[in-house]
$ cat coords-v7.cif   # mmCIF, C-alpha atoms (C1' of nucleotides)
data_final
loop_
_atom_site.label_atom_id
_atom_site.label_comp_id
_atom_site.auth_asym_id
_atom_site.auth_seq_id
_atom_site.Cartn_x
_atom_site.Cartn_y
_atom_site.Cartn_z
CA MET A 1 26.08 -6.21 -45.30
CA LYS A 2 26.26 -9.94 -44.87
CA ASN A 3 30.00 -9.59 -44.93
CA ARG A 4 29.90 -6.89 -42.34
CA LEU A 5 28.18 -9.19 -39.96
CA VAL A 6 30.63 -11.94 -40.45
CA HIS A 7 33.66 -9.66 -40.39
CA PRO A 8 32.52 -6.59 -38.65
CA ASP A 9 35.79 -4.83 -38.40
CA TRP A 10 37.47 -3.92 -41.66
CA LEU A 11 39.08 -0.52 -41.60
CA SER A 12 37.10 2.33 -43.03
CA PRO A 13 38.53 3.95 -46.15
CA GLU A 14 39.65 7.03 -44.23
CA HIS A 15 41.69 4.81 -41.99
CA LEU A 16 42.68 2.31 -44.60
CA GLU A 17 44.45 4.59 -46.99
CA PRO A 18 46.83 6.16 -44.47
CA TRP A 19 47.47 2.76 -42.97
CA MET A 20 48.27 1.23 -46.33
CA SER A 21 50.58 4.11 -47.10
CA LEU A 22 52.42 3.36 -43.89
CA VAL A 23 52.62 -0.33 -44.72
CA ALA A 24 54.08 0.59 -48.09
CA LEU A 25 56.60 2.89 -46.45
CA ILE A 26 57.79 0.39 -43.86
CA THR A 27 58.22 -2.14 -46.65
CA VAL A 28 60.06 0.05 -49.09
CA LEU A 29 62.12 2.39 -46.94
CA PRO A 30 64.15 -0.20 -45.01
CA ALA A 31 64.95 -2.03 -48.23
CA HIS A 32 65.98 1.23 -49.81
CA LEU A 33 68.27 2.22 -46.94
CA ASP A 34 69.92 -1.19 -46.88
CA SER A 35 70.36 -1.14 -50.58
CA GLN A 36 71.99 2.29 -50.64
CA LEU A 37 74.33 1.47 -47.78
CA THR A 38 75.35 -1.97 -48.95
CA ARG A 39 75.92 -0.71 -52.47
CA ASP A 40 78.00 2.29 -51.43
CA SER A 41 79.60 1.13 -48.21
CA ASN A 42 79.00 -2.56 -47.75
CA ILE A 43 77.14 -2.21 -44.46
CA THR A 44 73.48 -2.61 -43.60
CA HIS A 45 71.40 0.23 -42.24
CA PHE A 46 71.33 -1.52 -38.90
CA ASP A 47 75.14 -1.70 -38.93
CA TYR A 48 75.15 2.00 -39.68
CA MET A 49 72.91 2.73 -36.72
CA VAL A 50 75.00 0.59 -34.39
CA MET A 51 78.16 2.39 -35.44
CA SER A 52 76.42 5.74 -35.14
CA MET A 53 75.43 5.08 -31.57
CA LEU A 54 78.92 4.00 -30.67
CA ALA A 55 80.53 6.89 -32.50
CA GLU A 56 78.53 9.40 -30.50
CA ALA A 57 78.98 7.69 -27.15
CA PRO A 58 81.75 8.69 -24.73
CA GLU A 59 84.86 6.65 -25.45
CA ARG A 60 82.95 5.29 -28.44
CA THR A 61 81.79 2.66 -26.00
CA LEU A 62 78.44 1.31 -24.90
CA ARG A 63 77.17 -1.67 -23.01
CA ILE A 64 75.72 -4.19 -25.39
CA THR A 65 72.31 -4.02 -23.78
CA GLU A 66 72.33 -0.25 -24.05
CA LEU A 67 73.35 -0.47 -27.69
CA ALA A 68 70.49 -2.86 -28.36
CA ALA A 69 68.09 -0.49 -26.63
CA ARG A 70 69.27 2.55 -28.58
CA THR A 71 68.97 0.78 -31.91
CA ASN A 72 65.69 -0.92 -30.99
CA GLY A 73 67.23 -4.30 -31.61
CA THR A 74 67.06 -7.48 -29.58
CA LEU A 75 70.05 -8.66 -27.61
CA SER A 76 70.29 -11.71 -29.80
CA ARG A 77 70.32 -9.69 -32.98
CA MET A 78 72.91 -7.39 -31.49
CA SER A 79 75.08 -10.32 -30.55
CA HIS A 80 75.04 -11.63 -34.12
CA VAL A 81 75.61 -8.21 -35.62
CA LEU A 82 78.53 -7.58 -33.30
CA ASP A 83 80.00 -10.92 -34.31
CA ARG A 84 80.01 -9.75 -37.90
CA LEU A 85 81.29 -6.27 -37.14
CA GLU A 86 83.98 -7.67 -34.89
CA LYS A 87 85.11 -10.03 -37.64
CA ARG A 88 85.57 -6.99 -39.84
CA ALA A 89 87.44 -5.22 -37.02
CA PHE A 90 84.94 -2.37 -36.87
CA VAL A 91 84.05 -3.11 -33.27
CA LYS A 92 85.55 -4.93 -30.36
CA ARG A 93 84.03 -6.38 -27.24
CA VAL A 94 85.70 -5.72 -23.93
CA ALA A 95 84.80 -6.84 -20.45
CA CYS A 96 82.79 -4.40 -18.41
CA PRO A 97 84.58 -3.49 -15.17
CA GLU A 98 81.45 -2.74 -13.17
CA ASP A 99 79.55 -5.89 -13.99
CA ALA A 100 81.12 -9.20 -14.87
CA ARG A 101 78.03 -10.30 -16.76
CA ALA A 102 78.22 -7.36 -19.10
CA LYS A 103 80.42 -6.37 -22.00
CA ASN A 104 81.19 -3.10 -23.67
CA ALA A 105 81.15 -2.71 -27.40
CA VAL A 106 83.80 -0.29 -28.62
CA LEU A 107 84.01 1.26 -32.06
CA THR A 108 87.53 0.82 -33.42
CA ARG A 109 89.47 3.33 -35.49
CA GLU A 110 88.61 1.32 -38.59
CA GLY A 111 84.98 1.22 -37.57
CA LEU A 112 84.92 4.95 -37.09
CA ALA A 113 86.65 5.50 -40.40
CA THR A 114 84.18 3.25 -42.18
CA TRP A 115 81.25 4.98 -40.56
CA LEU A 116 82.59 8.43 -41.38
CA ALA A 117 83.22 7.39 -44.95
CA SER A 118 79.71 6.04 -45.34
CA ALA A 119 77.91 9.00 -43.82
CA PRO A 120 78.01 11.61 -46.57
CA LYS A 121 76.33 9.51 -49.23
CA HIS A 122 73.92 8.05 -46.75
CA LEU A 123 72.89 11.43 -45.41
CA GLU A 124 72.64 12.79 -48.91
CA GLU A 125 70.15 10.04 -49.63
CA VAL A 126 68.23 10.71 -46.41
CA ARG A 127 67.97 14.31 -47.49
CA ARG A 128 66.99 13.43 -51.01
CA VAL A 129 64.22 11.13 -49.91
CA VAL A 130 63.03 12.63 -46.67
CA THR A 131 64.07 15.90 -45.25
CA GLU A 132 64.22 18.05 -48.30
CA ASN A 133 60.77 17.05 -49.47
CA LEU A 134 58.95 17.85 -46.27
CA SER A 135 58.19 21.27 -44.89
CA PHE A 136 59.16 22.09 -41.33
CA GLU A 137 55.54 21.73 -40.47
CA GLN A 138 55.41 18.27 -41.98
CA LEU A 139 58.57 17.28 -40.19
CA SER A 140 57.02 18.22 -36.89
CA GLN A 141 53.78 16.47 -37.79
CA LEU A 142 55.77 13.38 -38.63
CA LEU A 143 57.64 13.52 -35.35
CA GLU A 144 54.44 13.92 -33.40
CA ILE A 145 52.72 11.05 -35.21
CA ASN A 146 55.71 8.75 -34.83
CA LYS A 147 56.03 9.50 -31.13
CA THR A 148 52.39 8.59 -30.69
CA LEU A 149 52.72 5.33 -32.59
CA LEU A 150 55.95 4.36 -30.88
CA SER A 151 54.41 4.93 -27.48
CA LYS A 152 51.64 2.50 -28.34
CA LEU A 153 53.99 -0.06 -29.75
CA ASP A 154 55.97 -0.04 -26.63
CA PRO A 155 53.90 0.51 -23.55
CA ASP A 156 56.90 0.44 -21.28
CA ASN A 157 58.65 3.15 -23.16
CA LEU A 158 61.52 0.96 -24.10
CA VAL A 159 61.69 2.20 -27.63
CA GLN A 160 64.51 4.57 -28.02
CA MET A 161 64.59 7.57 -30.22
CA ARG A 162 67.79 9.07 -29.04
CA LYS A 163 69.74 11.86 -30.49
CA PRO A 164 72.77 10.38 -32.25
CA ALA A 165 73.18 8.93 -35.67
CA ARG A 166 72.93 12.38 -37.07
CA MET B 1 81.08 24.52 -35.75
CA LYS B 2 84.44 22.84 -36.13
CA ASN B 3 82.62 19.62 -36.68
CA ARG B 4 80.55 21.19 -39.35
CA LEU B 5 83.68 21.92 -41.29
CA VAL B 6 85.03 18.43 -41.05
CA HIS B 7 81.74 16.73 -41.75
CA PRO B 8 79.71 19.38 -43.38
CA ASP B 9 76.60 17.38 -43.83
CA TRP B 10 75.19 16.03 -40.63
CA LEU B 11 71.50 16.57 -40.33
CA SER B 12 70.41 19.59 -38.36
CA PRO B 13 68.52 18.86 -35.14
CA GLU B 14 65.21 19.91 -36.67
CA HIS B 15 65.72 17.31 -39.37
CA LEU B 16 67.42 14.74 -37.23
CA GLU B 17 64.73 14.20 -34.68
CA PRO B 18 61.91 13.47 -37.12
CA TRP B 19 64.22 11.29 -39.15
CA MET B 20 65.29 9.30 -36.10
CA SER B 21 61.68 8.87 -35.12
CA LEU B 22 61.01 7.43 -38.54
CA VAL B 23 64.00 5.10 -38.26
CA ALA B 24 62.67 3.92 -34.91
CA LEU B 25 59.24 3.35 -36.41
CA ILE B 26 60.45 1.37 -39.41
CA THR B 27 62.49 -0.78 -37.05
CA VAL B 28 59.82 -1.45 -34.48
CA LEU B 29 56.58 -1.54 -36.41
CA PRO B 30 57.41 -4.35 -38.85
CA ALA B 31 58.71 -6.49 -35.99
CA HIS B 32 55.57 -5.76 -34.03
CA LEU B 33 53.25 -6.70 -36.90
CA ASP B 34 55.11 -9.92 -37.59
CA SER B 35 55.10 -10.78 -33.97
CA GLN B 36 51.37 -10.25 -33.53
CA LEU B 37 50.50 -12.22 -36.65
CA THR B 38 52.84 -15.12 -36.07
CA ARG B 39 51.76 -15.40 -32.46
CA ASP B 40 48.05 -15.30 -33.20
CA SER B 41 47.84 -16.80 -36.68
CA ASN B 42 51.18 -18.26 -37.62
CA ILE B 43 51.69 -16.08 -40.67
CA THR B 44 54.01 -13.16 -41.32
CA HIS B 45 52.75 -9.69 -42.08
CA PHE B 46 53.97 -10.12 -45.62
CA ASP B 47 51.97 -13.35 -45.90
CA TYR B 48 48.97 -11.43 -44.62
CA MET B 49 49.41 -8.75 -47.26
CA VAL B 50 49.81 -11.32 -50.02
CA MET B 51 46.62 -13.07 -48.97
CA SER B 52 44.83 -9.74 -48.64
CA MET B 53 45.66 -8.76 -52.18
CA LEU B 54 44.49 -12.11 -53.48
CA ALA B 55 41.35 -12.10 -51.38
CA GLU B 56 40.28 -8.78 -52.83
CA ALA B 57 41.15 -9.61 -56.42
CA PRO B 58 38.58 -10.98 -58.88
CA GLU B 59 38.54 -14.76 -58.68
CA ARG B 60 40.99 -14.37 -55.79
CA THR B 61 43.59 -14.52 -58.52
CA LEU B 62 46.50 -12.36 -59.55
CA ARG B 63 49.52 -12.69 -61.76
CA ILE B 64 52.60 -13.24 -59.67
CA THR B 65 54.27 -10.11 -60.98
CA GLU B 66 51.19 -8.09 -60.16
CA LEU B 67 51.08 -9.56 -56.68
CA ALA B 68 54.71 -8.64 -56.15
CA ALA B 69 54.00 -5.10 -57.31
CA ARG B 70 50.99 -4.70 -55.04
CA THR B 71 52.88 -5.89 -52.00
CA ASN B 72 56.06 -4.02 -52.90
CA GLY B 73 58.01 -7.25 -52.91
CA THR B 74 60.55 -8.56 -55.37
CA LEU B 75 59.66 -11.38 -57.70
CA SER B 76 62.18 -13.60 -56.02
CA ARG B 77 60.77 -12.95 -52.59
CA MET B 78 57.29 -13.60 -53.90
CA SER B 79 58.39 -16.86 -55.43
CA HIS B 80 59.76 -18.09 -52.11
CA VAL B 81 56.75 -16.86 -50.15
CA LEU B 82 54.40 -18.58 -52.57
CA ASP B 83 56.39 -21.79 -52.18
CA ARG B 84 55.70 -21.68 -48.47
CA LEU B 85 52.08 -20.67 -48.80
CA GLU B 86 51.52 -23.32 -51.43
CA LYS B 87 53.02 -25.96 -49.15
CA ARG B 88 50.45 -24.98 -46.56
CA ALA B 89 47.73 -25.13 -49.23
CA PHE B 90 46.80 -21.47 -48.78
CA VAL B 91 47.61 -20.64 -52.36
CA LYS B 92 48.03 -22.45 -55.61
CA ARG B 93 49.82 -21.54 -58.79
CA VAL B 94 48.07 -22.06 -62.09
CA ALA B 95 49.21 -21.42 -65.62
CA CYS B 96 48.16 -18.14 -67.12
CA PRO B 97 46.13 -18.65 -70.30
CA GLU B 98 47.14 -15.36 -71.94
CA ASP B 99 50.85 -15.67 -71.45
CA ALA B 100 52.71 -18.94 -71.18
CA ARG B 101 55.54 -17.31 -69.27
CA ALA B 102 53.24 -16.14 -66.53
CA LYS B 103 51.43 -17.81 -63.69
CA ASN B 104 48.45 -16.89 -61.62
CA ALA B 105 48.46 -17.17 -57.88
CA VAL B 106 45.06 -18.19 -56.52
CA LEU B 107 43.96 -18.01 -52.91
CA THR B 108 42.44 -21.34 -51.90
CA ARG B 109 39.45 -21.87 -49.62
CA GLU B 110 41.84 -22.71 -46.81
CA GLY B 111 43.89 -19.64 -47.57
CA LEU B 112 40.82 -17.45 -47.47
CA ALA B 113 39.67 -19.04 -44.25
CA THR B 114 43.05 -18.51 -42.65
CA TRP B 115 43.17 -14.93 -43.78
CA LEU B 116 39.64 -14.24 -42.57
CA ALA B 117 40.41 -15.84 -39.24
CA SER B 118 43.53 -13.77 -38.79
CA ALA B 119 42.00 -10.44 -39.74
CA PRO B 120 40.02 -9.48 -36.63
CA LYS B 121 42.90 -9.63 -34.19
CA HIS B 122 45.26 -8.10 -36.66
CA LEU B 123 42.95 -5.20 -37.42
CA GLU B 124 42.25 -4.73 -33.76
CA GLU B 125 45.97 -4.30 -33.27
CA VAL B 126 46.26 -1.90 -36.19
CA ARG B 127 43.53 0.15 -34.60
CA ARG B 128 45.06 -0.03 -31.16
CA VAL B 129 48.44 1.13 -32.38
CA VAL B 130 47.64 3.39 -35.27
CA THR B 131 44.25 4.55 -36.27
CA GLU B 132 42.62 5.18 -32.97
CA ASN B 133 45.47 7.29 -31.68
CA LEU B 134 45.61 9.67 -34.60
CA SER B 135 43.12 12.40 -35.42
CA PHE B 136 41.62 12.55 -38.88
CA GLU B 137 43.89 15.46 -39.50
CA GLN B 138 46.92 13.45 -38.50
CA LEU B 139 45.81 10.56 -40.65
CA SER B 140 45.67 12.82 -43.64
CA GLN B 141 49.01 14.41 -42.76
CA LEU B 142 50.49 10.94 -42.54
CA LEU B 143 49.06 9.96 -45.89
CA GLU B 144 50.40 13.08 -47.52
CA ILE B 145 53.85 12.65 -46.01
CA ASN B 146 54.03 8.99 -46.95
CA LYS B 147 52.95 9.68 -50.51
CA THR B 148 55.71 12.23 -50.79
CA LEU B 149 58.35 9.89 -49.43
CA LEU B 150 57.20 6.95 -51.51
CA SER B 151 57.33 9.03 -54.65
CA LYS B 152 60.97 9.85 -53.95
CA LEU B 153 61.84 6.29 -53.10
CA ASP B 154 60.44 5.12 -56.31
CA PRO B 155 60.93 7.55 -59.12
CA ASP B 156 59.11 5.40 -61.60
CA ASN B 157 56.06 5.19 -59.47
CA LEU B 158 56.29 1.47 -59.08
CA VAL B 159 55.43 1.50 -55.41
CA GLN B 160 51.93 0.39 -54.88
CA MET B 161 49.60 1.70 -52.28
CA ARG B 162 46.46 0.03 -53.45
CA LYS B 163 43.19 -0.24 -51.76
CA PRO B 164 42.86 -3.80 -50.49
CA ALA B 165 44.12 -5.40 -47.34
CA ARG B 166 41.50 -3.54 -45.40
"C1'" DA C 1 61.87 -15.40 -90.04
"C1'" DT C 2 65.40 -15.05 -87.03
"C1'" DA C 3 68.77 -12.82 -83.85
"C1'" DA C 4 68.74 -9.92 -80.03
"C1'" DC C 5 66.29 -8.19 -76.29
"C1'" DT C 6 62.90 -8.05 -72.74
"C1'" DT C 7 59.69 -10.06 -69.48
"C1'" DA C 8 57.99 -13.89 -66.13
"C1'" DG C 9 59.33 -16.66 -62.93
"C1'" DT C 10 62.43 -20.12 -60.40
"C1'" DT C 11 66.46 -21.69 -57.98
"C1'" DG C 12 70.07 -22.31 -54.59
"C1'" DA C 13 73.47 -20.25 -51.88
"C1'" DA C 14 74.70 -16.60 -48.81
"C1'" DG C 15 73.35 -13.42 -45.43
"C1'" DA C 16 70.35 -11.69 -41.71
"C1'" DT C 17 66.85 -12.27 -38.02
"C1'" DT C 18 64.21 -14.81 -34.70
"C1'" DC C 19 63.45 -18.13 -31.27
"C1'" DA C 20 64.34 -21.02 -27.49
"C1'" DA C 21 67.69 -22.93 -24.75
"C1'" DC C 22 71.78 -22.13 -22.42
"C1'" DT C 23 75.80 -20.14 -19.15
"C1'" DA C 24 77.19 -16.99 -15.94
"C1'" DT C 25 76.78 -13.28 -12.92
"C1'" DT C 26 74.08 -10.19 -9.78
"C1'" DC C 27 70.14 -9.01 -6.99
"C1'" DT C 28 66.45 -9.86 -3.52
"C1'" DC C 29 64.80 -10.97 0.69
"C1'" DA C 30 63.62 -14.10 4.19
"C1'" DT D 1 73.70 -16.42 4.03
"C1'" DG D 2 71.79 -18.76 0.66
"C1'" DA D 3 67.95 -20.05 -2.61
"C1'" DG D 4 65.44 -18.29 -6.15
"C1'" DA D 5 64.73 -14.76 -9.50
"C1'" DA D 6 66.34 -11.45 -12.67
"C1'" DT D 7 69.83 -9.63 -15.87
"C1'" DA D 8 73.64 -9.93 -19.55
"C1'" DG D 9 74.96 -12.13 -23.20
"C1'" DT D 10 75.80 -16.23 -26.45
"C1'" DT D 11 74.60 -20.02 -29.39
"C1'" DG D 12 72.71 -22.86 -33.08
"C1'" DA D 13 68.85 -24.10 -35.65
"C1'" DA D 14 64.97 -22.56 -38.29
"C1'" DT D 15 63.09 -19.10 -41.11
"C1'" DC D 16 63.17 -15.40 -44.27
"C1'" DT D 17 65.25 -12.25 -47.72
"C1'" DT D 18 68.54 -11.06 -51.17
"C1'" DC D 19 71.42 -11.81 -54.95
"C1'" DA D 20 72.99 -13.62 -59.17
"C1'" DA D 21 72.41 -17.00 -62.42
"C1'" DC D 22 69.25 -19.51 -64.89
"C1'" DT D 23 65.07 -21.28 -68.10
"C1'" DA D 24 61.47 -20.25 -70.97
"C1'" DA D 25 58.37 -17.47 -73.59
"C1'" DG D 26 57.17 -13.24 -75.83
"C1'" DT D 27 58.66 -8.92 -78.50
"C1'" DT D 28 61.18 -6.13 -81.83
"C1'" DA D 29 63.45 -4.91 -85.77
"C1'" DT D 30 65.71 -6.03 -89.66
#
$ encode --input "coords-v7.cif" --output "structure tokens"
Amino acid sequence: MKNRLVHPDWLSPEHLEPWMSLVALITVLPAHLDSQLTRDSNITHFDYMVMSMLAEAPERTLRITELAARTNGTLSRMSHVLDRLEKRAFVKRVACPEDARAKNAVLTREGLATWLASAPKHLEEVRRVVTENLSFEQLSQLLEINKTLLSKLDPDNLVQMRKPAR
Amino acid sequence: MKNRLVHPDWLSPEHLEPWMSLVALITVLPAHLDSQLTRDSNITHFDYMVMSMLAEAPERTLRITELAARTNGTLSRMSHVLDRLEKRAFVKRVACPEDARAKNAVLTREGLATWLASAPKHLEEVRRVVTENLSFEQLSQLLEINKTLLSKLDPDNLVQMRKPAR
DNA sequence: ATAACTTAGTTGAAGATTCAACTATTCTCA
DNA sequence: TGAGAATAGTTGAATCTTCAACTAAGTTAT
């Protein structure tokens, strides 16, 4: 009780356990995805997402800002990632005709090939870990919960949860 | 349908949308937690978890390997993190009497004070984002789902989801 | 009792992300 | 129209994580 007065706001056990399970998941899952993708295809999960977004976009092209938005990355991170992908010839940057400040990122043939080659194993792993272990009901519960959390994380609705990336 | 033949294993829309929502969450939530904690208390979320585990342990002491297990970190990561925390005098390393290979990490008075000072704002944010927006039913759905996923991520049950860290 | 193996932890380099500062356009509106 | 603000993107340094190689101590089995 003394402690309660000093620190009145620990989480109750009913809240704590789900929260800790989420903390565990956000620690382990990203590491697992990166590990699978770098082992099998030598790209990070973020690289995979970037290439996914480009692959599904018209002309395999997106403005860099749009790409950052769709992958929930910062512009700075995107700039560094594109540097690396461009060095590997998976992506190129081209001037944007409509706005001289802007650039388009374009997925190259090699980039598309790399992405396509990486997808089967990656998706197999996504299925193995996630989709095939959850019922349809759980999948829709998960979606609902995540939408709620994302909306609170990002009051201005900037967080993207777009279709692509299959 | 053509596409299905070429790439037979894209996720179906019912699977894709929940999965993408989870990808968005694991991208945004860790960044958000780090950002809140570094802004308000100049520690990372991982630092916070490390100090939480120590704070709740008997004698505020844990073997380094055990600490790594409870925070789902690698030993190498833990070693680097402890270097930094030790430099700030939040933690110290002491020899382990039972096993000369091992060391104990101990949370210092300053470490405890820092952790205690950081907790209220952090937990307020956890509440704001997570617990107060989910019903009890959703919290238990989330727990169930996360347990399922964690068990698949970690066949040998190494992933920890222990009590502490309030 | 000792060679081979496993466990505990550290180290330093390489890679990735963040942060703040910066350039260069475009927009706003008085 | 022109000054100030906002937007698009880059850069380099600092920080953090990963990876592989390493030391040292404990364990096993012969």
$ residues_around --input "coords-v7.cif" --residues "DT28 of chain C" --least-positions-apart "4" --cutoff "10 Å" --atoms "only C-alpha atoms (C1' of nucleotides)" --output "PDB file with C-alpha atoms (C1' of nucleotides), keeping the file's coordinate frame"
ATOM      1  C1'  DG D   4      65.440 -18.290  -6.150  1.00  0.00           C
ATOM      2  C1'  DA D   5      64.730 -14.760  -9.500  1.00  0.00           C
ATOM      3  C1'  DA D   6      66.340 -11.450 -12.670  1.00  0.00           C
TER       4       DA D   6
END
$ resolve_selection --input "coords-v7.cif" --expression "the PyMOL selection byres ((chain A and resi 109) around 12)" --output "compact mmCIF listing (two decimals) with C-alpha atoms, in the frame of the given file"
# COMPACT_ATOMS: atom_id res chain seq x y z
CA MET A 51 78.16 2.39 -35.44
CA LEU A 54 78.92 4.00 -30.67
CA ALA A 55 80.53 6.89 -32.50
CA GLU A 59 84.86 6.65 -25.45
CA ARG A 60 82.95 5.29 -28.44
CA ARG A 88 85.57 -6.99 -39.84
CA ALA A 89 87.44 -5.22 -37.02
CA PHE A 90 84.94 -2.37 -36.87
CA VAL A 91 84.05 -3.11 -33.27
CA LYS A 92 85.55 -4.93 -30.36
CA VAL A 106 83.80 -0.29 -28.62
CA LEU A 107 84.01 1.26 -32.06
CA THR A 108 87.53 0.82 -33.42
CA GLU A 110 88.61 1.32 -38.59
CA GLY A 111 84.98 1.22 -37.57
CA LEU A 112 84.92 4.95 -37.09
CA ALA A 113 86.65 5.50 -40.40
CA THR A 114 84.18 3.25 -42.18
CA TRP A 115 81.25 4.98 -40.56
CA LEU A 116 82.59 8.43 -41.38
$ atom_distance --input "coords-v7.cif" --atom1 "atom CA of Val23 of chain B" --atom2 "atom CA of Leu75 of chain B"
25.9 Å
$ atom_distance --input "coords-v7.cif" --atom1 "atom C1' of DC19 of chain D" --atom2 "atom C1' of DT10 of chain C"
13.4 Å
$ resolve_selection --input "coords-v7.cif" --expression "the PyMOL selection byres ((chain B and resi 42) around 12)" --output "number ranges by chain"
B: 33-41, 43-48, 85, 88, 114-115, 117-118, 122
$ closest_residue --input "coords-v7.cif" --among "D:DT1, D:DT23, D:DT10, D:DT30" --to "chain B" --atoms "all atoms listed in the file"
D:DT23
$ atom_distance --input "coords-v7.cif" --atom1 "atom C1' of DT18 of chain D" --atom2 "atom CA of Ala105 of chain B"
22.0 Å
$ closest_residue --input "coords-v7.cif" --among "A:Pro58, A:Gly73, A:Pro120, A:Pro30" --to "chain C" --atoms "all atoms listed in the file"
A:Gly73
$ resolve_selection --input "coords-v7.cif" --expression "the PyMOL selection byres ((chain B) within 9 of (chain C))" --output "ChimeraX atom specification"
/B:64-65,75-76,79-80,100-103
$ closest_atom_pairs --input "coords-v7.cif" --of "chain D" --to "chain A" --cutoff "9 Å" --atoms "all atoms listed in the file" --output "tab-separated table"
residue	atom	partner	partner_atom	distance
D:DT7	C1'	A:Arg101	CA	8.3
D:DA8	C1'	A:Arg101	CA	5.2
D:DG9	C1'	A:Ala102	CA	7.1
D:DT10	C1'	A:Ser79	CA	7.2
$ closest_atom_pairs --input "coords-v7.cif" --of "chain A" --to "chain B" --cutoff "8 Å" --atoms "all atoms listed in the file" --output "tab-separated table"
residue	atom	partner	partner_atom	distance
A:His7	CA	B:Pro120	CA	7.4
A:Asp9	CA	B:Pro120	CA	6.5
A:Trp10	CA	B:Arg166	CA	5.5
A:Leu11	CA	B:Arg166	CA	5.4
A:Ser12	CA	B:Arg166	CA	7.7
A:Glu14	CA	B:Phe136	CA	7.9
A:His15	CA	B:Thr131	CA	6.3
A:Leu16	CA	B:Arg166	CA	6.0
A:Glu17	CA	B:Lys163	CA	6.9
A:Pro18	CA	B:Leu143	CA	4.6
A:Trp19	CA	B:Thr131	CA	7.6
A:Met20	CA	B:Met161	CA	6.1
A:Ser21	CA	B:Met161	CA	5.8
A:Leu22	CA	B:Asn146	CA	6.6
A:Ala24	CA	B:Met161	CA	6.2
A:Leu25	CA	B:Leu150	CA	6.5
A:Ile26	CA	B:Ile26	CA	5.3
A:Thr27	CA	B:Asn72	CA	6.9
A:Val28	CA	B:Asn72	CA	6.9
A:Leu29	CA	B:Leu153	CA	7.3
A:Pro30	CA	B:Ile26	CA	6.9
A:His32	CA	B:Leu153	CA	7.3
A:Thr71	CA	B:Ala24	CA	7.7
A:Asn72	CA	B:Val28	CA	6.8
A:Pro120	CA	B:Asp9	CA	6.5
A:Leu123	CA	B:Trp10	CA	7.0
A:Glu124	CA	B:Asp9	CA	7.9
A:Arg128	CA	B:Lys152	CA	7.6
A:Val129	CA	B:Lys152	CA	5.3
A:Val130	CA	B:Leu149	CA	6.1
A:Thr131	CA	B:His15	CA	6.3
A:Asn133	CA	B:Thr148	CA	7.1
A:Leu134	CA	B:Ile145	CA	7.3
A:Phe136	CA	B:Glu14	CA	7.9
A:Gln138	CA	B:Ile145	CA	7.1
A:Leu139	CA	B:Pro18	CA	5.9
A:Ser140	CA	B:Pro18	CA	6.8
A:Gln141	CA	B:Gln141	CA	7.2
A:Leu142	CA	B:Pro18	CA	6.3
A:Leu143	CA	B:Pro18	CA	4.6
A:Ile145	CA	B:Gln138	CA	7.1
A:Asn146	CA	B:Ser21	CA	6.0
A:Lys147	CA	B:Ser21	CA	6.9
A:Thr148	CA	B:Asn133	CA	7.1
A:Leu149	CA	B:Val129	CA	6.0
A:Leu150	CA	B:Leu25	CA	6.5
A:Lys152	CA	B:Val129	CA	5.3
A:Leu153	CA	B:Val129	CA	6.3
A:Val159	CA	B:Ala24	CA	7.5
A:Gln160	CA	B:Ala24	CA	7.2
A:Met161	CA	B:Ser21	CA	5.8
A:Arg162	CA	B:Met20	CA	7.5
A:Lys163	CA	B:Glu17	CA	6.9
A:Ala165	CA	B:Met20	CA	7.9
A:Arg166	CA	B:Leu11	CA	5.5
$ build_atoms --input "coords-v7.cif" --residues "segment 21-29 of chain B" --atoms "N, CA and C atoms" --output "short mmCIF file (atom, residue, chain, number, x, y, z; two decimals), keeping the file's coordinate frame"
data_model
loop_
_atom_site.label_atom_id
_atom_site.label_comp_id
_atom_site.auth_asym_id
_atom_site.auth_seq_id
_atom_site.Cartn_x
_atom_site.Cartn_y
_atom_site.Cartn_z
N SER B 21 62.97 9.46 -35.52
CA SER B 21 61.68 8.87 -35.12
C SER B 21 61.16 7.93 -36.20
N LEU B 22 61.44 8.30 -37.44
CA LEU B 22 61.01 7.43 -38.54
C LEU B 22 61.85 6.15 -38.57
N VAL B 23 63.13 6.29 -38.33
CA VAL B 23 64.00 5.10 -38.26
C VAL B 23 63.51 4.17 -37.15
N ALA B 24 63.18 4.75 -36.01
CA ALA B 24 62.67 3.92 -34.91
C ALA B 24 61.39 3.21 -35.35
N LEU B 25 60.51 3.95 -36.00
CA LEU B 25 59.24 3.35 -36.41
C LEU B 25 59.43 2.22 -37.41
N ILE B 26 60.27 2.43 -38.41
CA ILE B 26 60.45 1.37 -39.41
C ILE B 26 61.21 0.18 -38.85
N THR B 27 61.83 0.36 -37.71
CA THR B 27 62.49 -0.78 -37.05
C THR B 27 61.49 -1.56 -36.21
N VAL B 28 60.68 -0.83 -35.48
CA VAL B 28 59.82 -1.45 -34.48
C VAL B 28 58.50 -1.95 -35.04
N LEU B 29 57.91 -1.17 -35.93
CA LEU B 29 56.58 -1.54 -36.41
C LEU B 29 56.56 -2.86 -37.19
#
